[in-house]
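A.B. asks: Sharing a structure, written as structure tokens. Questions coming.
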Amino acid sequence: KGFGLSLVGRKQGPGVFISDLVPGGIAATDGRLLKGDQIMSVDGTDVRDKSQEEVATIMKVTSGKVPLRVSRLKAKPCPTAPSEPNANATTGDK
């Protein structure tokens, strides 16, 4: 049975990322992987400089419990809102 996820590579440069999780699939059911996670290693093999096709091939030939190492960017906090509603907003009315 597959991992239950889709991969996408960068157009320029290395990096393979999770683009989708199959509902009900292993990855979605487990809950630890998220869309946007970068695959760093598969079963101990460093894949940071590999293409999407190479990573997919490595994942297809593994079996049993396969350790994945991923990297996840943390979201930056949103700037604080002004204390008065629409204090800095412009409406276009003159």
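Please note that chains go A, B, ... in the order of the structure tokens, that every chain numbers its residues from 1, and that ligands are numbered from 1 in the order shown.
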What's around region 49-66 of chain A at 12 Å? Count only C-alpha atoms, leave out sequence neighbours fewer than 2 positions away in its own chain, and write the answer as JSON, numbers by chain.

C.D. replies: {"A": [1, 2, 3, 4, 5, 6, 7, 8, 9, 10, 11, 12, 13, 14, 15, 16, 17, 18, 19, 26, 27, 38, 39, 40, 41, 42, 43, 44, 45, 46, 47, 68, 69]}

A.B. asks: Could you write those residues out with C-alpha atoms, as a PDB file, in the first residue's frame?

C.D. replies:
```pdb
ATOM      1  CA  LYS A   1       0.000   0.000   0.000  1.00  0.00           C
ATOM      2  CA  GLY A   2       1.311   3.467  -0.854  1.00  0.00           C
ATOM      3  CA  PHE A   3       1.959   6.415   1.409  1.00  0.00           C
ATOM      4  CA  GLY A   4      -1.241   8.189   0.382  1.00  0.00           C
ATOM      5  CA  LEU A   5       0.394  11.416  -0.687  1.00  0.00           C
ATOM      6  CA  SER A   6       1.364  13.341  -3.798  1.00  0.00           C
ATOM      7  CA  LEU A   7       4.722  14.996  -4.369  1.00  0.00           C
ATOM      8  CA  VAL A   8       5.781  18.075  -6.288  1.00  0.00           C
ATOM      9  CA  GLY A   9       9.273  19.313  -7.062  1.00  0.00           C
ATOM     10  CA  ARG A  10      10.487  22.858  -7.454  1.00  0.00           C
ATOM     11  CA  LYS A  11      10.724  24.183 -10.989  1.00  0.00           C
ATOM     12  CA  GLN A  12      14.119  25.711 -10.266  1.00  0.00           C
ATOM     13  CA  GLY A  13      16.481  23.970  -7.884  1.00  0.00           C
ATOM     14  CA  PRO A  14      16.194  21.013  -5.556  1.00  0.00           C
ATOM     15  CA  GLY A  15      13.403  20.278  -3.126  1.00  0.00           C
ATOM     16  CA  VAL A  16      10.466  17.871  -3.100  1.00  0.00           C
ATOM     17  CA  PHE A  17       7.315  18.752  -1.194  1.00  0.00           C
ATOM     18  CA  ILE A  18       4.039  17.102  -0.240  1.00  0.00           C
ATOM     19  CA  SER A  19       1.421  18.599  -2.538  1.00  0.00           C
ATOM     20  CA  ILE A  26      -1.857   6.292   5.446  1.00  0.00           C
ATOM     21  CA  ALA A  27      -0.328   9.791   5.642  1.00  0.00           C
ATOM     22  CA  GLN A  38       9.588  19.179   2.390  1.00  0.00           C
ATOM     23  CA  ILE A  39      10.816  15.580   2.191  1.00  0.00           C
ATOM     24  CA  MET A  40      14.359  15.558   3.585  1.00  0.00           C
ATOM     25  CA  SER A  41      15.054  11.808   3.774  1.00  0.00           C
ATOM     26  CA  VAL A  42      13.334   8.524   2.983  1.00  0.00           C
ATOM     27  CA  ASP A  43      14.394   5.366   4.834  1.00  0.00           C
ATOM     28  CA  GLY A  44      17.688   7.032   5.773  1.00  0.00           C
ATOM     29  CA  THR A  45      18.453   8.246   2.231  1.00  0.00           C
ATOM     30  CA  ASP A  46      19.046  12.005   1.980  1.00  0.00           C
ATOM     31  CA  VAL A  47      16.749  13.293  -0.786  1.00  0.00           C
ATOM     32  CA  LEU A  68      10.530   9.895   6.637  1.00  0.00           C
ATOM     33  CA  ARG A  69      12.266  13.060   7.749  1.00  0.00           C
TER      34      ARG A  69
END
```

A.B. asks: In Å, how far is it from CA of Gly36 (chain A) to CA of Leu21 (chain A)?

C.D. replies: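 Atom-to-atom, CA of Gly36 (chain A) and CA of Leu21 (chain A) are spaced 10.2 Å apart.
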
A.B. asks: What is the distance, in Å and to one decimal place, between CA of Ser71 (chain A) and CA of Val22 (chain A)?

C.D. replies: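 One can read the CA of Ser71 (chain A) to CA of Val22 (chain A) distance as 19.7 Å.
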
A.B. asks: To one decimal place in Å, what is the distance between CA of Pro23 (chain A) and CA of Lys35 (chain A)?

C.D. replies: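 That distance, rounded to one decimal, is 12.3 Å.
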
A.B. asks: I'd like to know which residues of region 1-79 of chain A are strand (DSSP E or B) (by DSSP, run on the backbone); could you write them as an NGL selection string?

C.D. replies: :A and (5-9 or 16-21 or 38-42 or 45-46 or 68-71)
